file model-v1.pdb (PDB, C-alpha atoms and all ligand atoms)
MODEL        1
ATOM      1  CA  MET A  15     -21.368  -1.476 -59.844  1.00  0.00           C
ATOM      2  CA  LEU A  16     -21.270   2.047 -61.278  1.00  0.00           C
ATOM      3  CA  THR A  17     -22.771   2.549 -64.695  1.00  0.00           C
ATOM      4  CA  ILE A  18     -20.652   4.294 -67.315  1.00  0.00           C
ATOM      5  CA  GLY A  19     -21.894   7.810 -68.041  1.00  0.00           C
ATOM      6  CA  ARG A  20     -22.671   9.230 -71.448  1.00  0.00           C
ATOM      7  CA  LEU A  21     -21.116  12.695 -71.076  1.00  0.00           C
ATOM      8  CA  HIS A  22     -17.563  12.694 -69.717  1.00  0.00           C
ATOM      9  CA  LEU A  23     -15.792  15.942 -68.918  1.00  0.00           C
ATOM     10  CA  VAL A  24     -12.006  15.605 -69.125  1.00  0.00           C
ATOM     11  CA  THR A  25     -10.438  18.495 -67.257  1.00  0.00           C
ATOM     12  CA  ASP A  26      -8.408  21.061 -69.183  1.00  0.00           C
ATOM     13  CA  VAL A  27      -4.650  21.085 -68.602  1.00  0.00           C
ATOM     14  CA  SER A  28      -4.140  24.612 -69.964  1.00  0.00           C
ATOM     15  CA  PRO A  29      -2.548  27.018 -67.492  1.00  0.00           C
ATOM     16  CA  GLY A  30      -4.775  29.625 -65.898  1.00  0.00           C
ATOM     17  CA  ARG A  31      -7.993  27.608 -65.983  1.00  0.00           C
ATOM     18  CA  ASP A  32     -10.260  27.576 -62.927  1.00  0.00           C
ATOM     19  CA  VAL A  33     -10.834  23.826 -63.088  1.00  0.00           C
ATOM     20  CA  PRO A  34     -13.148  23.530 -60.044  1.00  0.00           C
ATOM     21  CA  ALA A  35     -15.378  26.358 -61.340  1.00  0.00           C
ATOM     22  CA  THR A  36     -15.649  24.686 -64.758  1.00  0.00           C
ATOM     23  CA  VAL A  37     -16.339  21.286 -63.208  1.00  0.00           C
ATOM     24  CA  ALA A  38     -19.064  22.773 -60.993  1.00  0.00           C
ATOM     25  CA  ALA A  39     -20.731  24.433 -63.991  1.00  0.00           C
ATOM     26  CA  ALA A  40     -20.438  21.273 -66.086  1.00  0.00           C
ATOM     27  CA  LEU A  41     -21.969  19.182 -63.317  1.00  0.00           C
ATOM     28  CA  ALA A  42     -24.861  21.630 -63.079  1.00  0.00           C
ATOM     29  CA  GLY A  43     -25.324  21.194 -66.833  1.00  0.00           C
ATOM     30  CA  GLY A  44     -25.506  17.410 -66.642  1.00  0.00           C
ATOM     31  CA  VAL A  45     -22.017  15.943 -67.045  1.00  0.00           C
ATOM     32  CA  ASP A  46     -22.219  12.430 -65.601  1.00  0.00           C
ATOM     33  CA  THR A  47     -18.529  11.514 -65.403  1.00  0.00           C
ATOM     34  CA  VAL A  48     -15.533  13.726 -64.646  1.00  0.00           C
ATOM     35  CA  GLN A  49     -12.004  12.604 -65.479  1.00  0.00           C
ATOM     36  CA  VAL A  50      -9.260  14.581 -63.754  1.00  0.00           C
ATOM     37  CA  ARG A  51      -6.444  15.031 -66.291  1.00  0.00           C
ATOM     38  CA  VAL A  52      -3.372  17.155 -65.588  1.00  0.00           C
ATOM     39  CA  GLY A  53      -0.231  17.872 -67.561  1.00  0.00           C
ATOM     40  CA  SER A  54       3.051  16.049 -66.968  1.00  0.00           C
ATOM     41  CA  GLU A  55       4.507  19.252 -65.490  1.00  0.00           C
ATOM     42  CA  ILE A  56       2.000  19.133 -62.629  1.00  0.00           C
ATOM     43  CA  SER A  57       3.325  17.554 -59.436  1.00  0.00           C
ATOM     44  CA  ASP A  58       1.650  14.575 -57.815  1.00  0.00           C
ATOM     45  CA  ARG A  59       0.885  16.807 -54.836  1.00  0.00           C
ATOM     46  CA  ALA A  60      -0.939  19.341 -57.002  1.00  0.00           C
ATOM     47  CA  ALA A  61      -2.730  16.556 -58.899  1.00  0.00           C
ATOM     48  CA  TYR A  62      -3.807  15.002 -55.607  1.00  0.00           C
ATOM     49  CA  GLU A  63      -5.129  18.298 -54.296  1.00  0.00           C
ATOM     50  CA  LEU A  64      -7.029  19.063 -57.498  1.00  0.00           C
ATOM     51  CA  ALA A  65      -8.455  15.531 -57.647  1.00  0.00           C
ATOM     52  CA  GLY A  66      -9.652  15.860 -54.059  1.00  0.00           C
ATOM     53  CA  VAL A  67     -11.522  19.072 -54.847  1.00  0.00           C
ATOM     54  CA  VAL A  68     -13.047  17.629 -58.033  1.00  0.00           C
ATOM     55  CA  LEU A  69     -13.992  14.428 -56.236  1.00  0.00           C
ATOM     56  CA  GLY A  70     -15.853  16.479 -53.606  1.00  0.00           C
ATOM     57  CA  LEU A  71     -17.838  18.244 -56.333  1.00  0.00           C
ATOM     58  CA  CYS A  72     -18.594  14.917 -58.024  1.00  0.00           C
ATOM     59  CA  ARG A  73     -19.692  13.256 -54.785  1.00  0.00           C
ATOM     60  CA  ALA A  74     -22.081  16.163 -54.055  1.00  0.00           C
ATOM     61  CA  ALA A  75     -23.575  15.696 -57.529  1.00  0.00           C
ATOM     62  CA  GLY A  76     -23.643  11.895 -57.380  1.00  0.00           C
ATOM     63  CA  VAL A  77     -21.344  11.696 -60.395  1.00  0.00           C
ATOM     64  CA  THR A  78     -18.494   9.300 -61.185  1.00  0.00           C
ATOM     65  CA  CYS A  79     -14.981  10.710 -60.754  1.00  0.00           C
ATOM     66  CA  LEU A  80     -11.998   9.152 -62.540  1.00  0.00           C
ATOM     67  CA  VAL A  81      -8.324  10.098 -62.650  1.00  0.00           C
ATOM     68  CA  ASN A  82      -6.348   9.991 -65.889  1.00  0.00           C
ATOM     69  CA  ASP A  83      -2.972   8.202 -65.921  1.00  0.00           C
ATOM     70  CA  ARG A  84      -2.016   8.620 -62.235  1.00  0.00           C
ATOM     71  CA  LEU A  85      -3.645   5.642 -60.594  1.00  0.00           C
ATOM     72  CA  HIS A  86      -1.873   6.248 -57.296  1.00  0.00           C
ATOM     73  CA  VAL A  87      -3.626   9.619 -57.167  1.00  0.00           C
ATOM     74  CA  ALA A  88      -6.959   7.912 -57.932  1.00  0.00           C
ATOM     75  CA  LEU A  89      -6.402   5.509 -55.044  1.00  0.00           C
ATOM     76  CA  ALA A  90      -5.095   8.164 -52.688  1.00  0.00           C
ATOM     77  CA  VAL A  91      -8.141  10.425 -53.047  1.00  0.00           C
ATOM     78  CA  GLY A  92     -10.644   7.572 -53.203  1.00  0.00           C
ATOM     79  CA  ALA A  93     -11.828   8.264 -56.759  1.00  0.00           C
ATOM     80  CA  ASP A  94     -14.103   5.798 -58.528  1.00  0.00           C
ATOM     81  CA  GLY A  95     -11.394   4.675 -60.933  1.00  0.00           C
ATOM     82  CA  GLY A  96      -8.972   5.675 -63.640  1.00  0.00           C
ATOM     83  CA  HIS A  97      -8.246   5.842 -67.344  1.00  0.00           C
ATOM     84  CA  VAL A  98      -5.105   4.535 -69.071  1.00  0.00           C
ATOM     85  CA  GLY A  99      -3.703   4.717 -72.589  1.00  0.00           C
ATOM     86  CA  ASP A 100      -0.799   3.349 -74.590  1.00  0.00           C
ATOM     87  CA  THR A 101       1.937   5.085 -72.613  1.00  0.00           C
ATOM     88  CA  ASP A 102       0.411   4.420 -69.179  1.00  0.00           C
ATOM     89  CA  LEU A 103       0.319   1.209 -67.154  1.00  0.00           C
ATOM     90  CA  PRO A 104      -0.919  -1.750 -69.221  1.00  0.00           C
ATOM     91  CA  VAL A 105      -4.613  -2.445 -68.676  1.00  0.00           C
ATOM     92  CA  ALA A 106      -4.057  -5.660 -66.690  1.00  0.00           C
ATOM     93  CA  ALA A 107      -1.561  -3.901 -64.427  1.00  0.00           C
ATOM     94  CA  ALA A 108      -3.939  -0.982 -64.000  1.00  0.00           C
ATOM     95  CA  ARG A 109      -6.691  -3.393 -62.996  1.00  0.00           C
ATOM     96  CA  ALA A 110      -4.371  -5.022 -60.475  1.00  0.00           C
ATOM     97  CA  VAL A 111      -3.506  -1.632 -59.002  1.00  0.00           C
ATOM     98  CA  LEU A 112      -7.099  -0.352 -58.812  1.00  0.00           C
ATOM     99  CA  GLY A 113      -8.690  -3.624 -57.709  1.00  0.00           C
ATOM    100  CA  PRO A 114     -11.703  -5.469 -59.076  1.00  0.00           C
ATOM    101  CA  HIS A 115     -14.399  -2.926 -58.178  1.00  0.00           C
ATOM    102  CA  ALA A 116     -12.941   0.303 -59.546  1.00  0.00           C
ATOM    103  CA  VAL A 117     -14.006   1.714 -62.906  1.00  0.00           C
ATOM    104  CA  LEU A 118     -11.194   1.268 -65.423  1.00  0.00           C
ATOM    105  CA  GLY A 119     -11.189   2.940 -68.816  1.00  0.00           C
ATOM    106  CA  ALA A 120      -8.660   2.288 -71.566  1.00  0.00           C
ATOM    107  CA  THR A 121      -7.884   4.003 -74.839  1.00  0.00           C
ATOM    108  CA  ALA A 122      -8.284   1.868 -77.982  1.00  0.00           C
ATOM    109  CA  ARG A 123      -8.261   3.150 -81.541  1.00  0.00           C
ATOM    110  CA  ASP A 124      -8.989  -0.058 -83.459  1.00  0.00           C
ATOM    111  CA  PRO A 125     -10.982  -3.272 -82.975  1.00  0.00           C
ATOM    112  CA  GLU A 126      -8.005  -5.494 -82.142  1.00  0.00           C
ATOM    113  CA  SER A 127      -6.609  -3.261 -79.395  1.00  0.00           C
ATOM    114  CA  ALA A 128     -10.175  -2.773 -78.159  1.00  0.00           C
ATOM    115  CA  ARG A 129     -10.658  -6.519 -77.727  1.00  0.00           C
ATOM    116  CA  ARG A 130      -7.288  -6.799 -75.971  1.00  0.00           C
ATOM    117  CA  ALA A 131      -8.116  -3.978 -73.549  1.00  0.00           C
ATOM    118  CA  VAL A 132     -11.451  -5.533 -72.604  1.00  0.00           C
ATOM    119  CA  ALA A 133      -9.865  -8.966 -72.131  1.00  0.00           C
ATOM    120  CA  ALA A 134      -7.313  -7.328 -69.834  1.00  0.00           C
ATOM    121  CA  GLY A 135      -9.984  -5.785 -67.623  1.00  0.00           C
ATOM    122  CA  ALA A 136     -11.244  -2.485 -69.071  1.00  0.00           C
ATOM    123  CA  ASP A 137     -14.825  -1.569 -68.138  1.00  0.00           C
ATOM    124  CA  TYR A 138     -15.153   0.972 -70.933  1.00  0.00           C
ATOM    125  CA  LEU A 139     -13.061   2.204 -73.847  1.00  0.00           C
ATOM    126  CA  GLY A 140     -12.195   5.722 -74.935  1.00  0.00           C
ATOM    127  CA  THR A 141     -11.768   5.767 -78.695  1.00  0.00           C
ATOM    128  CA  GLY A 142     -10.555   8.434 -81.051  1.00  0.00           C
ATOM    129  CA  PRO A 143      -9.635  10.985 -81.987  1.00  0.00           C
ATOM    130  CA  ALA A 144     -13.088  11.039 -83.513  1.00  0.00           C
ATOM    131  CA  TYR A 145     -12.299  14.413 -85.097  1.00  0.00           C
ATOM    132  CA  VAL A 146      -9.386  16.837 -85.016  1.00  0.00           C
ATOM    133  CA  SER A 147      -8.714  17.929 -81.446  1.00  0.00           C
ATOM    134  CA  THR A 148      -7.484  21.408 -80.589  1.00  0.00           C
ATOM    135  CA  THR A 149      -6.672  20.201 -77.072  1.00  0.00           C
ATOM    136  CA  LYS A 150      -4.291  17.344 -77.873  1.00  0.00           C
ATOM    137  CA  THR A 151      -2.481  18.037 -81.108  1.00  0.00           C
ATOM    138  CA  THR A 152      -0.051  15.094 -81.173  1.00  0.00           C
ATOM    139  CA  LEU A 153      -2.669  12.507 -82.048  1.00  0.00           C
ATOM    140  CA  PRO A 154      -2.926  10.271 -85.115  1.00  0.00           C
ATOM    141  CA  ALA A 155      -5.464  11.068 -87.849  1.00  0.00           C
ATOM    142  CA  PRO A 156      -9.114  11.150 -86.804  1.00  0.00           C
ATOM    143  CA  ILE A 157     -10.977   7.858 -87.080  1.00  0.00           C
ATOM    144  CA  GLY A 158     -14.377   9.494 -87.635  1.00  0.00           C
ATOM    145  CA  PRO A 159     -17.750   7.888 -86.941  1.00  0.00           C
ATOM    146  CA  ALA A 160     -16.753   4.842 -89.044  1.00  0.00           C
ATOM    147  CA  GLY A 161     -13.722   4.163 -86.841  1.00  0.00           C
ATOM    148  CA  VAL A 162     -15.821   4.577 -83.721  1.00  0.00           C
ATOM    149  CA  ALA A 163     -18.390   2.167 -85.177  1.00  0.00           C
ATOM    150  CA  ALA A 164     -15.691  -0.450 -85.834  1.00  0.00           C
ATOM    151  CA  VAL A 165     -14.487  -0.305 -82.232  1.00  0.00           C
ATOM    152  CA  ALA A 166     -18.030  -0.309 -80.807  1.00  0.00           C
ATOM    153  CA  ALA A 167     -18.955  -3.355 -82.878  1.00  0.00           C
ATOM    154  CA  ALA A 168     -15.916  -5.271 -81.631  1.00  0.00           C
ATOM    155  CA  VAL A 169     -16.527  -5.137 -77.876  1.00  0.00           C
ATOM    156  CA  PRO A 170     -19.371  -5.653 -75.389  1.00  0.00           C
ATOM    157  CA  VAL A 171     -18.428  -2.688 -73.160  1.00  0.00           C
ATOM    158  CA  PRO A 172     -19.433   0.988 -73.512  1.00  0.00           C
ATOM    159  CA  VAL A 173     -17.349   2.960 -76.007  1.00  0.00           C
ATOM    160  CA  ILE A 174     -16.791   6.667 -75.380  1.00  0.00           C
ATOM    161  CA  ALA A 175     -15.810   8.766 -78.396  1.00  0.00           C
ATOM    162  CA  ILE A 176     -13.211  11.477 -77.741  1.00  0.00           C
ATOM    163  CA  GLY A 177     -11.384  14.108 -79.762  1.00  0.00           C
ATOM    164  CA  GLY A 178     -12.923  17.234 -81.281  1.00  0.00           C
ATOM    165  CA  VAL A 179     -16.414  16.231 -80.197  1.00  0.00           C
ATOM    166  CA  THR A 180     -18.985  19.011 -80.289  1.00  0.00           C
ATOM    167  CA  GLU A 181     -22.708  19.351 -79.735  1.00  0.00           C
ATOM    168  CA  GLU A 182     -23.078  19.072 -83.510  1.00  0.00           C
ATOM    169  CA  THR A 183     -21.047  15.845 -83.894  1.00  0.00           C
ATOM    170  CA  ALA A 184     -22.142  13.999 -80.755  1.00  0.00           C
ATOM    171  CA  ALA A 185     -25.344  12.633 -82.287  1.00  0.00           C
ATOM    172  CA  ALA A 186     -23.471  11.120 -85.248  1.00  0.00           C
ATOM    173  CA  LEU A 187     -21.089   9.359 -82.857  1.00  0.00           C
ATOM    174  CA  ARG A 188     -23.991   7.950 -80.856  1.00  0.00           C
ATOM    175  CA  ALA A 189     -25.579   6.782 -84.099  1.00  0.00           C
ATOM    176  CA  ALA A 190     -22.270   5.070 -84.941  1.00  0.00           C
ATOM    177  CA  GLY A 191     -22.506   3.032 -81.757  1.00  0.00           C
ATOM    178  CA  ALA A 192     -20.761   5.158 -79.147  1.00  0.00           C
ATOM    179  CA  HIS A 193     -22.318   4.870 -75.704  1.00  0.00           C
ATOM    180  CA  GLY A 194     -21.294   8.468 -75.055  1.00  0.00           C
ATOM    181  CA  VAL A 195     -18.653  11.124 -75.576  1.00  0.00           C
ATOM    182  CA  ALA A 196     -15.763  12.707 -73.669  1.00  0.00           C
ATOM    183  CA  VAL A 197     -14.892  16.354 -74.193  1.00  0.00           C
ATOM    184  CA  VAL A 198     -12.451  19.007 -73.089  1.00  0.00           C
ATOM    185  CA  ALA A 199     -12.816  22.101 -75.282  1.00  0.00           C
ATOM    186  CA  ALA A 200     -16.531  21.788 -76.015  1.00  0.00           C
ATOM    187  CA  ILE A 201     -17.182  22.516 -72.338  1.00  0.00           C
ATOM    188  CA  CYS A 202     -13.993  24.087 -70.927  1.00  0.00           C
ATOM    189  CA  SER A 203     -13.601  26.636 -73.745  1.00  0.00           C
ATOM    190  CA  ALA A 204     -17.304  27.392 -74.060  1.00  0.00           C
ATOM    191  CA  PRO A 205     -18.487  30.870 -73.021  1.00  0.00           C
ATOM    192  CA  ASP A 206     -21.070  29.166 -70.776  1.00  0.00           C
ATOM    193  CA  PRO A 207     -19.809  25.714 -69.673  1.00  0.00           C
ATOM    194  CA  ARG A 208     -23.082  24.870 -67.935  1.00  0.00           C
ATOM    195  CA  ASP A 209     -25.130  25.553 -71.058  1.00  0.00           C
ATOM    196  CA  ALA A 210     -22.598  23.712 -73.239  1.00  0.00           C
ATOM    197  CA  ALA A 211     -22.807  20.670 -70.983  1.00  0.00           C
ATOM    198  CA  ALA A 212     -26.606  20.755 -71.035  1.00  0.00           C
ATOM    199  CA  ARG A 213     -26.648  20.878 -74.838  1.00  0.00           C
ATOM    200  CA  LEU A 214     -24.148  18.022 -75.102  1.00  0.00           C
ATOM    201  CA  LYS A 215     -26.142  15.992 -72.601  1.00  0.00           C
ATOM    202  CA  ARG A 216     -29.264  16.343 -74.719  1.00  0.00           C
ATOM    203  CA  ALA A 217     -27.272  15.251 -77.767  1.00  0.00           C
ATOM    204  CA  VAL A 218     -26.070  12.017 -76.127  1.00  0.00           C
ATOM    205  CA  THR A 219     -29.205  11.094 -74.189  1.00  0.00           C
ATOM    206  CA  PRO A 220     -31.277   8.411 -75.921  1.00  0.00           C
TER
HETATM  207  C1  LIG A 301     -12.432   8.797 -72.308  1.00  0.00           C
HETATM  208  C2  LIG A 301     -10.997   8.952 -72.678  1.00  0.00           C
HETATM  209  N1  LIG A 301     -10.579   8.402 -73.837  1.00  0.00           N
HETATM  210  C3  LIG A 301      -9.295   8.548 -74.204  1.00  0.00           C
HETATM  211  C4  LIG A 301      -8.405   9.246 -73.418  1.00  0.00           C
HETATM  212  C5  LIG A 301      -6.964   9.398 -73.817  1.00  0.00           C
HETATM  213  O1  LIG A 301      -6.127   8.721 -72.901  1.00  0.00           O
HETATM  214  P1  LIG A 301      -4.572   8.528 -73.294  1.00  0.00           P
HETATM  215  O2  LIG A 301      -4.539   7.873 -74.619  1.00  0.00           O
HETATM  216  O3  LIG A 301      -3.876   7.877 -72.182  1.00  0.00           O
HETATM  217  O4  LIG A 301      -4.068  10.026 -73.435  1.00  0.00           O
HETATM  218  P2  LIG A 301      -3.959  11.110 -72.268  1.00  0.00           P
HETATM  219  O5  LIG A 301      -5.341  11.586 -71.940  1.00  0.00           O
HETATM  220  O6  LIG A 301      -3.321  10.475 -71.073  1.00  0.00           O
HETATM  221  O7  LIG A 301      -3.131  12.211 -72.839  1.00  0.00           O
HETATM  222  C6  LIG A 301      -8.870   9.789 -72.229  1.00  0.00           C
HETATM  223  N2  LIG A 301      -8.086  10.490 -71.417  1.00  0.00           N
HETATM  224  N3  LIG A 301     -10.180   9.642 -71.885  1.00  0.00           N
HETATM  225  C1  LIG A 302      -6.990  13.490 -74.139  1.00  0.00           C
HETATM  226  C2  LIG A 302      -7.434  13.223 -75.511  1.00  0.00           C
HETATM  227  N1  LIG A 302      -7.211  12.011 -76.080  1.00  0.00           N
HETATM  228  C3  LIG A 302      -7.699  11.913 -77.284  1.00  0.00           C
HETATM  229  S1  LIG A 302      -8.444  13.382 -77.794  1.00  0.00           S
HETATM  230  C4  LIG A 302      -8.087  14.094 -76.300  1.00  0.00           C
HETATM  231  C5  LIG A 302      -8.448  15.502 -75.985  1.00  0.00           C
HETATM  232  C6  LIG A 302      -9.892  15.774 -76.220  1.00  0.00           C
HETATM  233  O1  LIG A 302     -10.124  17.142 -76.089  1.00  0.00           O
HETATM  234  P1  LIG A 302     -11.141  17.899 -77.050  1.00  0.00           P
HETATM  235  O2  LIG A 302     -12.518  17.448 -76.661  1.00  0.00           O
HETATM  236  O3  LIG A 302     -10.927  19.350 -76.705  1.00  0.00           O
HETATM  237  O4  LIG A 302     -10.773  17.578 -78.461  1.00  0.00           O
HETATM  238 MG    MG A 303      -2.877   8.503 -70.608  1.00  0.00          MG
ENDMDL
END
call {"tool": "encode", "arguments": {"input": "model-v1.pdb", "output": "C-alpha cells"}}
result
Amino acid sequence: MLTIGRLHLVTDVSPGRDVPATVAAALAGGVDTVQVRVGSEISDRAAYELAGVVLGLCRAAGVTCLVNDRLHVALAVGADGGHVGDTDLPVAAARAVLGPHAVLGATARDPESARRAVAAGADYLGTGPAYVSTTKTTLPAPIGPAGVAAVAAAVPVPVIAIGGVTEETAAALRAAGAHGVAVVAAICSAPDPRDAAARLKRAVTP
C-alpha cells in the first residue's frame, strides 16, 4: 500500500500556467504527492491528457499521483487515486468507483465529518482552509492550526492541511498534528518552484 506523502502539490487551474514544467520542478524539489486539479471549464479530454503527462512525470520520480474530483479520469489514466470533497461523489461511492487499493482522499473541516469520511473509506483527509487562500476564494473562514489539530485528533489517518500554507506556516501545522501539507500558490506562484518545494519539504519533514 502506498504511504501518504507529506508535501502535496495541487496543480494550479489558472489559465496560462505551464503545469508540466511546474510539476517537474516541484518533483525535483521534493514534492511527494501530486494532485491533478483542473477547473470546471476544462474538458474531460483535456483533463485526461494533462493527467497522463503529470502521471508520467510522477512515475519517473516514484511519486504518488492523484486526480481531484474526476475519478473517471483517475481510472482512465491509471493514477494512484483521487480526492473528493463535499460537492463531489460521496466518499463511499468514490471508494466503490476507485476500488479497494486506490488512494482516496476526502476533504473534512471538522472532527465529525472527518470521522464520517474515514468510516466511509478515506485513506487520508485534506483539512482547511488552514489560512486564507488566494487560490480558492470561495472558502469558509480559516480553521487555523487549532482546527487542524481538532481534525487530526479525531481520526487515525494522515491529515493534510491545505489553504494558504507557506514555508513559514507549515511547521506550525505539523506541530498541530498535520501529517503534511498541500499547496498551490506556495509552489506554483513562486519565482523558483523547485526551491520553494525544497524549502517546504524541509519544513514538513520530521
Ligand atoms: C489535499 C486536499 N485537501 C482538500 C482539497 C479540496 O477538495 P474539495 O473540497 O473537493 O475542493 P476542490 O479542490 O475540488 O475545489 C483538495 N483538493 N486537496
Ligand atoms: C483547493 C483548495 N481547497 C481548500 S484550499 C484550496 C486551494 C489551496 O491553494 P493555496 O495553497 O494556494 O492556498
Ligand atoms: Mg472537489
call {"tool": "atom_distance", "arguments": {"input": "model-v1.pdb", "atom1": "CA of Ala131 (chain A)", "atom2": "CA of Val105 (chain A)"}}
result
6.2 Å
call {"tool": "resolve_selection", "arguments": {"input": "model-v1.pdb", "expression": "the PyMOL selection byres (((chain A and resi 71-84) around 6) and not hetatm)", "output": "list in words"}}
result
Asp46, Thr47, Val48, Gln49, Val50, Arg51, Val68, Leu69, Gly70, Leu85, His86, Val87, Ala88, Ala93, Asp94, Gly95, Gly96, His97 and Val98 of chain A
call {"tool": "residues_around", "arguments": {"input": "model-v1.pdb", "residues": "Ala217 (chain A)", "least_positions_apart": "5", "cutoff": "12 Å", "atoms": "all atoms listed in the file", "output": "PDB file with C-alpha atoms, in the frame of the given file"}}
result
ATOM      1  CA  ARG A  20     -22.671   9.230 -71.448  1.00  0.00           C
ATOM      2  CA  LEU A  21     -21.116  12.695 -71.076  1.00  0.00           C
ATOM      3  CA  GLY A  44     -25.506  17.410 -66.642  1.00  0.00           C
ATOM      4  CA  VAL A  45     -22.017  15.943 -67.045  1.00  0.00           C
ATOM      5  CA  VAL A 179     -16.414  16.231 -80.197  1.00  0.00           C
ATOM      6  CA  THR A 180     -18.985  19.011 -80.289  1.00  0.00           C
ATOM      7  CA  GLU A 181     -22.708  19.351 -79.735  1.00  0.00           C
ATOM      8  CA  GLU A 182     -23.078  19.072 -83.510  1.00  0.00           C
ATOM      9  CA  THR A 183     -21.047  15.845 -83.894  1.00  0.00           C
ATOM     10  CA  ALA A 184     -22.142  13.999 -80.755  1.00  0.00           C
ATOM     11  CA  ALA A 185     -25.344  12.633 -82.287  1.00  0.00           C
ATOM     12  CA  ALA A 186     -23.471  11.120 -85.248  1.00  0.00           C
ATOM     13  CA  LEU A 187     -21.089   9.359 -82.857  1.00  0.00           C
ATOM     14  CA  ARG A 188     -23.991   7.950 -80.856  1.00  0.00           C
ATOM     15  CA  ALA A 189     -25.579   6.782 -84.099  1.00  0.00           C
ATOM     16  CA  HIS A 193     -22.318   4.870 -75.704  1.00  0.00           C
ATOM     17  CA  GLY A 194     -21.294   8.468 -75.055  1.00  0.00           C
ATOM     18  CA  VAL A 195     -18.653  11.124 -75.576  1.00  0.00           C
ATOM     19  CA  ALA A 210     -22.598  23.712 -73.239  1.00  0.00           C
ATOM     20  CA  ALA A 211     -22.807  20.670 -70.983  1.00  0.00           C
ATOM     21  CA  ALA A 212     -26.606  20.755 -71.035  1.00  0.00           C
TER      22      ALA A 212
END
call {"tool": "resolve_selection", "arguments": {"input": "model-v1.pdb", "expression": "the PyMOL selection byres (((not hetatm)) within 6 of (chain A and resi 301))", "output": "list in words"}}
result
Asn82, Asp83, Val98, Gly99, Asp100, Thr121, Gly140, Thr141, Ile174, Ile176 and Ala196 of chain A
call {"tool": "closest_residue", "arguments": {"input": "model-v1.pdb", "among": "A:Ala60, A:Ala116, A:Ala38, A:Ala110", "to": "Ala134 (chain A)", "atoms": "all atoms listed in the file"}}
result
A:Ala110
call {"tool": "resolve_selection", "arguments": {"input": "model-v1.pdb", "expression": "the PyMOL selection byres (((not hetatm)) within 6 of (chain A and resi 302))", "output": "PyMOL selection string"}}
result
chain A and resi 142-143+147-150+176-179+197-200
call {"tool": "residues_around", "arguments": {"input": "model-v1.pdb", "residues": "Cys202 (chain A)", "least_positions_apart": "5", "cutoff": "10 Å", "atoms": "all atoms listed in the file", "output": "list in words"}}
result
Leu23, Val24, Thr25, Asp26, Ser28, Arg31, Asp32, Val33, Ala35, Thr36, Val37, Ala39, Ala40, Val197, Pro207, Arg208, Ala210 and Ala211 of chain A
call {"tool": "atom_distance", "arguments": {"input": "model-v1.pdb", "atom1": "CA of Arg123 (chain A)", "atom2": "CA of Val173 (chain A)"}}
result
10.6 Å
